[in-house]
Every structure is written in structure tokens, then in C-alpha cells.
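Heads up, the thing below is written out as C-alpha cells.
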Amino acid sequence: MNIIQLFEILQIDKDKTLQFTTDEIIRIEKQVNVEKKINPEIDVNVAANLIEALKNYPNEFHFISNNRILYNFFSKAELPRDKFQRQNIEVSTENVKHFISLFLMEDIDLFFDQKMAQNKFEDMHLFLDNKVYFPEDVLFKLNKKAFSKIDFALHSLSVVSADLSKILYIKQSSFYQFLSHFNSIEMDEKLKLLLNRIVDMYNINKKSEFAGTSMVSMYFYKAFDEDFAETLKKNRDVVYSNQSSSGSSGGSKYSWKSMGIVLFILVRVLLFASRCDSNSSNSYDYNSGSGSGSGSSYPSEIVVEDKVTIDPYYTEMAHKIDSFQVFLTDYNKNEIQYLKFKDTLKTGETPYENVYKNPPEVGGLEKPITFINKTKYDVVLLENPLAYDSIKMPGRTYFIRAGSSYKLRDVSDQLKRVFNFYVGNKLASFVTNSNHVFVKRNSMMEPRFTELAPNCKAILAVDYKFFDGNVSITEKNSEINITCDQVMQIVDSKKKF
């Protein structure tokens with residue numbers, strides 16, 4: 001409880017706060033003491049602070065009590081507009097800040113901490129309309145948290161196994177309205193990085209709802225730089241145009257618009273700046289954040305690329321996953337040496353730590369997937385997230401012993417992924433003369449089955465999509481079958497085993 005809440009509980013006429021005499025304040029103090037006996041929730045310090053505020057800060061108290069947003073916030077009431085005077089008194093904003101810092105800081109800090117954790121940016125955006133009265137410490141901490149939200153989104157978009165449901169807030173227009181309260185050159189630069197990631201996602205898959213909605217919502221950010229604001233508008237318009245054209249029969253009718261998504265990639269801007277004449281009056285130093293002259297810090301023309309270049313990180317990881325499958329199945333048994341069996345591995349554990357690195361479990365699925373191994377073989381389940389909804393990337397692995405089952409619980413429904421099955425017996429670390437080498441941290445080779453199931457290589461090559469239900473791994477006439485009692489999709493039906 002704070003002093004405004006206590007003031008509201010006491011039902012004191014807030015229009016008379018400027019007229020309280022010494023005798024009236026003494027009467028209020030007695031009323032507070034009576035209320036403390038009735039209501040144990042009233043803190044002694046809050047009661048004392050209310051009297052001090054009425055005695056020594058009548059103007060600031062009256063100003064807040066006649067500001068509908070501030071008063072309703074601190075009092076936890078929802079009084080209509082007609083309960084407030086049309087004209088408020090003039091009080092120095094610095095005095096109001098000081099008053100809030102003395103008596104009401106905890107409430108503001110708690111509000112922003114809770115709303116930030118809940119990603120309720122609309123509530124914060126509306127309350128920040130009064131930020132001119134907030135102490136600088138509040139705004140400084142909130143600004144840092146705003147940057148942290150962007151950094152978390154950037155990190156999540158760069159880690160292919162990340163749960164995108166944790167950054168759904170970047171699809172909300174209210175998130176960018178909230179950020180607009182702290183717009184600056186630094187905020188613009190950070191959002192350019194985020195825009196870069198989202199545009200890459202959109203250019204790979206024009207039907208990505210996540211990327212399209214994010215770019216439309218980003219338009220609501222009031223950019224510090226006018227050129228960046230224009231870029232956000234153009235991107236929004238391109239998404240709208242593509243959405244309105246998606247039902248037409250001719251794909252080429254709007255392909256040039258799709259490719260015209262403006263790429264404000266900070267790295268490219270840096271490259272451009274480094275090539276500029278250092279004596280140019282329109283140059284801008286991106287390292288120091290300072291510029292000279294009155295010209296724009298961006299290239300005068302935006303170059304539209306005819307070819308989308310995928311980040312080398314993804315192409316490298318795609319090569320790794322292919323090479324790892326070769327490592328698992330294409331080895332010469334006659335070359336095996338330094339054999340060491342992995343007999344103690346339990347169902348659910350991961351055998352690998354090189355390409356596949358299992359993160360800790362994060363929570364439960366509403367519709368978990370249970371993998372039931374009914375064969376005489378052990379199975380290594382390979383879970384591969386799809387970056388940008390289309391690029392297969394190595395994610396996590398789970399060992400499932402013959403005759404046992406494993407329930408996958410902790411992956412969000414938002415994460416699109418495919419599964420592969422590596423089937424065999426007698427898992428062991430060993431060395432061959434192959435050029436495909438994957439070593440664990442302890443210098444041991446990543447384990448492989450020394451006895452592969454029939455057509456193991458072909459089985460491993462098939463990509464499966466499961467959405468929920470029970471997945472059965474069965475064996476009939478030396479043939480491995482993968483079936484699901486719910487929805488199942490074989491990504492490449494031409495691959496048979």
C-alpha cells in the first residue's frame with residue numbers, strides 16, 4: 001500500500017488538499033490511527049508518509065490527485081474523468097519527480113517489472129505518457145530493459161533451436177510503441193539489426209506469419225532517424241502488397257515487390273561507411289556515434305538485391321548435418337579400431353556433444369510426443385529445427401533403447417522441426433580412416449552403431465514431421481516402419497527404405 005491508496009481508503013476530498021489547515025491535518029492523522037487499528041494492511045511508515053506529504057508537499061500531492069492516470073494508478077481505483085478537475089495546478093516537473101521518488105517509487109518499479117516480465121507493453125506504453133514526471137532512475141532502468149528485450153530477440157533469432165514463442169512480443173505493435181518512448185540513435189541501430197534478421201526470414205519464406213506480422217508492427221516505432229522511419233513504412237507496405245496479392249495466379253506479378261524489402265543491415269551500412277571518403281562532409285562515424293555535416297548517414301540510394309544471400313552460418317550448419325549423417329552410416333567396418341562401447345547410456349540421454357548439443361529442458365508441452373521403440377534395435381532420435389521455417393538445422397538428440405519409449409515434453413508448439421531416426425545396435429566410439437570426423441570434448445570419437453539396421457542410411461535420410469500423439473518404431477520382415485497415431489508428414493516421399 002502507498003500513500004495515495006491510503007488517501008483513497010480514507011475517502012478524503014482530494015479537491016481540498018490545498019486548503020488543509022493544521023487542525024484538519026491533525027484530524028486526518030487521528031483518522032489514520034483509527035484506520036490502522038481496523039485495517040492491519042496499513043503500514044506504519046505509509047501512514048506517517050501520508051501525513052508528511054499533506055503537510056510538506058501539498059502542491060505535488062494535489063497535482064497527482066488531480067491527474068487521472070497517475071491517481072488511478074497509485075490508488076488502484078478507476079475513477080471516471082468527471083471525478084477530476086478540468087484544470088490542474090502548475091507544478092514543476094522536477095518537484096513532482098522528487099515527490100514520486102520519496103513516496104511512490106516502489107509502486108512504479110514493481111509495475112514495470114511485472115509488465116516487462118509478462119510482455120504487456122500496451123499497459124506500459126499508456127502509462128509512459130506521463131513519463132515526464134517519472135524519476136530519472138526509473139527511466140534509466142526501463143531503457144536498459146527495453147534494450148535487453150531487443151537483445152534477447154536478436155539472440156533467439158540467431159539460435160535455430162530457440163523457442164520463438166518466447167519472443168512473440170516482437171509481433172506486437174505495442175512493443176514498438178513502448179520502444180518509441182526511448183527512441184534514440186542507439187535504439188534505431190539496435191532495431192536495424194532486428195529488422196535485418198526478420199527481413200532475412202521473410203525473404204526466405206514470404207508466407208512466414210511471424211516475419212510478416214513483425215515487420216508490419218515495427219512500423220509503429222517512431223524512429224529517431226527519418227530515413228529509418230521511411231524504411232519501416234516501405235517494409236510494411238510491401239508485406240501488405242504481398243498479402244493482398246497472395247491469392248492471384250501469377251507469382252511473378254509481385255515478386256519484384258517481395259525482393260524490394262529494404263535491408264537496413266548494420267553490417268552493410270558499416271561497410272558502406274568504411275568505403276566513403278574520410279574527408280566527406282556527409283560522413284558518419286558508426287563507432288563513435290558522431291557525425292559531421294548535415295547530410296544523411298545512409299546511402300543516398302537503397303540497392304535492391306536480385307539474390308538473397310543466406311547467412312553463412314546456416315549453410316555451414318547444413319553441411320555439418322549432412323556430413324554427420326555420412327559419419328554415422330558410411331564407414332568401413334574393416335577399419336574400426338580403438339573400439340569403446342557405450343553400454344551405460346539411458347533412454348532420453350544424448351549420445352552427442354559436437355553437432356547436436358542438448359539445451360536444458362524448459363517446460364511442458366500441451367501435446368507431448370511419445371516415441372515408442374518396439375524393435376530389437378536401439379534408436380537415436382535426431383530433432384532438427386527449421387530455421388526460417390525451411391532450413392534444416394541440427395538441434396537435439398535422444399537415445400531410445402530397444403523396447404523402451406521416450407516422451408518429448410519440452411519443445412514449444414511454435415518451433416517447427418523435423419525428425420530423423422538413426423537405428424542400430426552396440427553403440428560405441430571408434431576410429432576409421434574416414435575424412436568425416438566428429439570428436440567429443442574428451443578426444444573420444446562421437447559414438448556410432450557398430451551394427452546398423454538394414455537400410456540404416458536410407459532411414460536416416462527421411463525427414464518426418466510429427467505434431468502430437470504416439471510415434472511407433474516397429475520392425476517387420478527386416479524393414480523399419482515409422483508410424484504415428486495422429487498427424488504425420490514425410491517431408492520427402494521419394495526417399496524409401
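Order determines the names: the first chain of the C-alpha cells is A, the second B, and so forth; residues in each chain are numbered 1 upward, and ligands are numbered 1 upward as they are shown.
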(message) I'd like the neighbourhood of Phe430 in chain A as a list in words, where a residue qualifies if any of its atoms comes within 10 Å (using only C-alpha atoms), though same-chain residues fewer than 4 positions away should be ignored.
(response)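 Surrounding residues, per the criterion: Glu335, Ile336, Gln337, Tyr338, Leu339, Lys340, Phe341, Met444, Met445, Glu446, Pro447, Arg448, Phe449 and Thr450 of chain A.
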Near range 200-217 of chain A, counting only C-alpha atoms, which residues have an atom at most 6 Å away, once you skip same-chain residues fewer than 6 positions from it, shown as a PDB file with all heavy atoms, in the first residue's frame?
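That gives us result.pdb:
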```
ATOM      1  N   ILE A 170       7.730  -9.442 -30.338  1.00  0.00           N
ATOM      2  CA  ILE A 170       8.205  -8.614 -31.450  1.00  0.00           C
ATOM      3  C   ILE A 170       7.175  -8.562 -32.570  1.00  0.00           C
ATOM      4  O   ILE A 170       7.353  -7.826 -33.550  1.00  0.00           O
ATOM      5  CB  ILE A 170       9.574  -9.069 -31.989  1.00  0.00           C
ATOM      6  CG1 ILE A 170       9.489 -10.422 -32.686  1.00  0.00           C
ATOM      7  CG2 ILE A 170      10.596  -9.106 -30.877  1.00  0.00           C
ATOM      8  CD1 ILE A 170      10.795 -10.817 -33.365  1.00  0.00           C
ATOM      9  N   LYS A 171       6.087  -9.325 -32.439  1.00  0.00           N
ATOM     10  CA  LYS A 171       4.977  -9.236 -33.386  1.00  0.00           C
ATOM     11  C   LYS A 171       3.944  -8.199 -32.940  1.00  0.00           C
ATOM     12  O   LYS A 171       3.027  -7.885 -33.692  1.00  0.00           O
ATOM     13  CB  LYS A 171       4.292 -10.595 -33.518  1.00  0.00           C
ATOM     14  CG  LYS A 171       5.164 -11.683 -34.150  1.00  0.00           C
ATOM     15  CD  LYS A 171       4.526 -13.061 -34.015  1.00  0.00           C
ATOM     16  CE  LYS A 171       3.114 -13.114 -34.538  1.00  0.00           C
ATOM     17  NZ  LYS A 171       2.507 -14.450 -34.393  1.00  0.00           N
ATOM     18  N   GLN A 172       4.080  -7.674 -31.727  1.00  0.00           N
ATOM     19  CA  GLN A 172       3.085  -6.745 -31.181  1.00  0.00           C
ATOM     20  C   GLN A 172       3.426  -5.300 -31.547  1.00  0.00           C
ATOM     21  O   GLN A 172       4.553  -4.855 -31.318  1.00  0.00           O
ATOM     22  CB  GLN A 172       3.027  -6.866 -29.660  1.00  0.00           C
ATOM     23  CG  GLN A 172       2.710  -8.247 -29.127  1.00  0.00           C
ATOM     24  CD  GLN A 172       2.795  -8.305 -27.610  1.00  0.00           C
ATOM     25  OE1 GLN A 172       2.725  -7.269 -26.935  1.00  0.00           O
ATOM     26  NE2 GLN A 172       2.947  -9.488 -27.066  1.00  0.00           N
ATOM     27  N   SER A 173       2.466  -4.585 -32.068  1.00  0.00           N
ATOM     28  CA  SER A 173       2.697  -3.162 -32.352  1.00  0.00           C
ATOM     29  C   SER A 173       2.960  -2.395 -31.062  1.00  0.00           C
ATOM     30  O   SER A 173       3.719  -1.419 -31.050  1.00  0.00           O
ATOM     31  CB  SER A 173       1.484  -2.569 -33.086  1.00  0.00           C
ATOM     32  OG  SER A 173       0.308  -2.706 -32.305  1.00  0.00           O
ATOM     33  N   ARG A 236       6.468  -2.313 -44.362  1.00  0.00           N
ATOM     34  CA  ARG A 236       5.070  -2.604 -44.037  1.00  0.00           C
ATOM     35  C   ARG A 236       4.225  -2.659 -45.304  1.00  0.00           C
ATOM     36  O   ARG A 236       3.403  -3.568 -45.498  1.00  0.00           O
ATOM     37  CB  ARG A 236       4.523  -1.530 -43.096  1.00  0.00           C
ATOM     38  CG  ARG A 236       3.059  -1.744 -42.708  1.00  0.00           C
ATOM     39  CD  ARG A 236       2.392  -0.446 -42.312  1.00  0.00           C
ATOM     40  NE  ARG A 236       2.348   0.497 -43.430  1.00  0.00           N
ATOM     41  CZ  ARG A 236       1.721   1.664 -43.389  1.00  0.00           C
ATOM     42  NH1 ARG A 236       1.106   2.043 -42.278  1.00  0.00           N
ATOM     43  NH2 ARG A 236       1.722   2.482 -44.432  1.00  0.00           N
ATOM     44  N   TYR A 388      13.939 -20.303 -40.145  1.00  0.00           N
ATOM     45  CA  TYR A 388      13.137 -19.564 -41.125  1.00  0.00           C
ATOM     46  C   TYR A 388      12.084 -20.466 -41.777  1.00  0.00           C
ATOM     47  O   TYR A 388      11.728 -20.282 -42.940  1.00  0.00           O
ATOM     48  CB  TYR A 388      14.030 -18.930 -42.204  1.00  0.00           C
ATOM     49  CG  TYR A 388      15.085 -18.029 -41.649  1.00  0.00           C
ATOM     50  CD1 TYR A 388      16.337 -17.952 -42.248  1.00  0.00           C
ATOM     51  CD2 TYR A 388      14.858 -17.254 -40.516  1.00  0.00           C
ATOM     52  CE1 TYR A 388      17.323 -17.119 -41.736  1.00  0.00           C
ATOM     53  CE2 TYR A 388      15.827 -16.426 -40.000  1.00  0.00           C
ATOM     54  CZ  TYR A 388      17.059 -16.366 -40.617  1.00  0.00           C
ATOM     55  OH  TYR A 388      18.034 -15.543 -40.107  1.00  0.00           O
TER      56      TYR A 388
END
```
(message) Env of Leu142 in chain A: 10 Å cut, atoms = only C-alpha atoms, seq-sep filter 6 positions within chain, self excluded. Answer as a PyMOL selection string.
(response) chain A and resi 109+112-113+116+136+148+179+182
Prev. selection, C-alpha atoms, output as a compact mmCIF listing (two decimals), in the first residue's frame:
```
# COMPACT_ATOMS: atom_id res chain seq x y z
CA ASP A 109 9.29 -0.15 -10.18
CA PHE A 112 7.25 -2.08 -14.81
CA ASP A 113 8.98 -5.22 -13.54
CA MET A 116 8.00 -6.37 -18.59
CA GLU A 136 15.36 9.53 -13.99
CA SER A 148 17.56 -6.23 -23.22
CA LEU A 179 10.20 1.41 -27.53
CA PHE A 182 13.08 5.70 -25.64
```
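When CA of Ala153 in chain A is paired with CA of Asp225 in chain A, their separation reads 21.9 Å.
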(request) Pick out the residues sitting within 10 Å of Tyr219 in chain A, and hand them over as a list in words; count only C-alpha atoms, and ignore anything fewer than 6 positions along from it in its own chain. (result)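 So the residues in contact are Ser173, Tyr176, Gln177, Phe228, Ala229, Glu230, Thr231, Leu232, Lys233, Lys234, Asn235, Arg236 and Asp237 of chain A.
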(request) Going by DSSP on the backbone, which bits of range 21-226 of chain A are helix (DSSP H, G or I)? Write them as a ChimeraX atom specification, please. (result) /A:22-38,44-56,58-65,68-75,81-83,93-103,105-118,121-133,136-158,164-171,173-180,185-204,209-218,226
(request) Write out as a ChimeraX atom specification which residues come within 6 Å of range 51-64 of chain A when counting only C-alpha atoms, dropping same-chain ones fewer than 6 positions away. (result) /A:17-18,71,96
Written file, previous selection with C-alpha atoms, as a CSV table (one decimal), in the first residue's frame:
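To be explicit, this is the file written out as part-v6.csv:
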```csv
chain,number,residue,atom,x,y,z
A,17,THR,CA,-5.8,19.1,-0.5
A,18,LEU,CA,-4.5,22.7,-1.0
A,71,TYR,CA,-4.1,9.0,-9.4
A,96,VAL,CA,6.7,16.0,-9.0
```
(request) For CA of Ala223 in chain A and CA of Leu191 in chain A, quote the distance in Å rounded to one decimal. (result)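 Those two atoms sit 9.3 Å apart.
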(message) If we count only C-alpha atoms and set the cut-off at 10 Å, which residues sit around Asp330 in chain A, ignoring sequence neighbours fewer than 2 positions away in its own chain? Please answer as a ChimeraX atom specification.
(response) /A:323-328,332-333,434,436,456-457
Selection from above, all heavy atoms, as a compact mmCIF listing (two decimals), in the first residue's frame, can you write it?
```txt
# COMPACT_ATOMS: atom_id res chain seq x y z
N SER A 323 27.20 -34.00 -43.33
CA SER A 323 28.46 -34.69 -43.06
C SER A 323 28.33 -35.62 -41.86
O SER A 323 28.90 -36.71 -41.84
CB SER A 323 29.58 -33.66 -42.82
OG SER A 323 30.81 -34.30 -42.60
N PHE A 324 27.53 -35.19 -40.86
CA PHE A 324 27.35 -36.01 -39.66
C PHE A 324 26.60 -37.30 -40.01
O PHE A 324 26.91 -38.38 -39.46
CB PHE A 324 26.60 -35.22 -38.60
CG PHE A 324 26.56 -35.88 -37.26
CD1 PHE A 324 27.72 -36.10 -36.53
CD2 PHE A 324 25.36 -36.30 -36.71
CE1 PHE A 324 27.70 -36.72 -35.29
CE2 PHE A 324 25.32 -36.92 -35.47
CZ PHE A 324 26.49 -37.13 -34.76
N GLN A 325 25.64 -37.22 -40.91
CA GLN A 325 24.91 -38.43 -41.32
C GLN A 325 25.83 -39.39 -42.06
O GLN A 325 25.71 -40.61 -41.90
CB GLN A 325 23.70 -38.05 -42.18
CG GLN A 325 22.60 -37.36 -41.40
CD GLN A 325 21.28 -37.32 -42.14
OE1 GLN A 325 21.14 -37.90 -43.22
NE2 GLN A 325 20.29 -36.66 -41.56
N VAL A 326 26.74 -38.85 -42.87
CA VAL A 326 27.74 -39.69 -43.52
C VAL A 326 28.62 -40.36 -42.47
O VAL A 326 28.93 -41.56 -42.55
CB VAL A 326 28.60 -38.87 -44.51
CG1 VAL A 326 29.75 -39.71 -45.06
CG2 VAL A 326 27.73 -38.34 -45.65
N PHE A 327 29.02 -39.59 -41.48
CA PHE A 327 29.84 -40.11 -40.39
C PHE A 327 29.15 -41.27 -39.68
O PHE A 327 29.78 -42.29 -39.34
CB PHE A 327 30.13 -38.97 -39.41
CG PHE A 327 30.70 -39.40 -38.08
CD1 PHE A 327 32.04 -39.73 -37.95
CD2 PHE A 327 29.89 -39.46 -36.95
CE1 PHE A 327 32.56 -40.12 -36.72
CE2 PHE A 327 30.41 -39.84 -35.73
CZ PHE A 327 31.75 -40.17 -35.61
N LEU A 328 27.84 -41.17 -39.48
CA LEU A 328 27.10 -42.18 -38.73
C LEU A 328 26.93 -43.48 -39.50
O LEU A 328 26.87 -44.56 -38.89
CB LEU A 328 25.72 -41.64 -38.33
CG LEU A 328 25.67 -40.50 -37.31
CD1 LEU A 328 24.23 -40.04 -37.10
CD2 LEU A 328 26.30 -40.91 -35.99
N ASN A 332 33.76 -47.86 -42.97
CA ASN A 332 34.22 -49.19 -43.33
C ASN A 332 34.44 -50.00 -42.04
O ASN A 332 35.31 -49.67 -41.23
CB ASN A 332 35.51 -49.10 -44.14
CG ASN A 332 35.94 -50.44 -44.71
OD1 ASN A 332 35.50 -51.50 -44.23
ND2 ASN A 332 36.80 -50.41 -45.71
N LYS A 333 33.65 -51.05 -41.86
CA LYS A 333 33.76 -51.86 -40.64
C LYS A 333 35.14 -52.46 -40.47
O LYS A 333 35.61 -52.69 -39.35
CB LYS A 333 32.71 -52.96 -40.64
CG LYS A 333 31.29 -52.49 -40.34
CD LYS A 333 30.38 -53.68 -40.13
CE LYS A 333 28.99 -53.22 -39.70
NZ LYS A 333 28.10 -54.37 -39.42
N SER A 434 37.99 -42.58 -42.30
CA SER A 434 37.10 -41.64 -42.98
C SER A 434 37.54 -40.20 -42.77
O SER A 434 38.14 -39.84 -41.74
CB SER A 434 35.67 -41.82 -42.46
OG SER A 434 34.82 -40.82 -42.97
N HIS A 436 35.36 -37.86 -42.54
CA HIS A 436 34.29 -37.28 -41.72
C HIS A 436 34.55 -37.64 -40.26
O HIS A 436 34.36 -38.78 -39.84
CB HIS A 436 32.92 -37.80 -42.16
CG HIS A 436 32.58 -37.44 -43.57
ND1 HIS A 436 31.97 -36.26 -43.92
CD2 HIS A 436 32.80 -38.11 -44.73
CE1 HIS A 436 31.81 -36.22 -45.23
NE2 HIS A 436 32.30 -37.33 -45.75
N CYS A 456 19.91 -48.60 -42.95
CA CYS A 456 20.02 -47.55 -41.93
C CYS A 456 20.23 -46.18 -42.57
O CYS A 456 19.66 -45.18 -42.13
CB CYS A 456 21.17 -47.89 -40.99
SG CYS A 456 21.47 -46.64 -39.74
N LYS A 457 21.05 -46.14 -43.61
CA LYS A 457 21.35 -44.86 -44.27
C LYS A 457 20.09 -44.25 -44.88
O LYS A 457 19.84 -43.05 -44.76
CB LYS A 457 22.41 -45.07 -45.34
CG LYS A 457 22.81 -43.81 -46.06
CD LYS A 457 23.91 -44.09 -47.10
CE LYS A 457 24.28 -42.82 -47.84
NZ LYS A 457 25.34 -43.08 -48.87
```
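Among A:Asp463, A:Asp468, A:Glu122, A:Asp378, the residue with the shortest atom-to-atom distance to Tyr422 in chain A, counting only C-alpha atoms, is A:Asp378.
When only C-alpha atoms are used to compute distances to Lys407 in chain A, the closest of the residues A:Ile321, A:Leu460, A:Ile25, A:Val471 turns out to be A:Val471.
Among the candidate residues A:Val132, A:Glu78, A:Lys36, A:Gln19, the one lying nearest to Ser92 in chain A is A:Val132, with distances computed using only C-alpha atoms.
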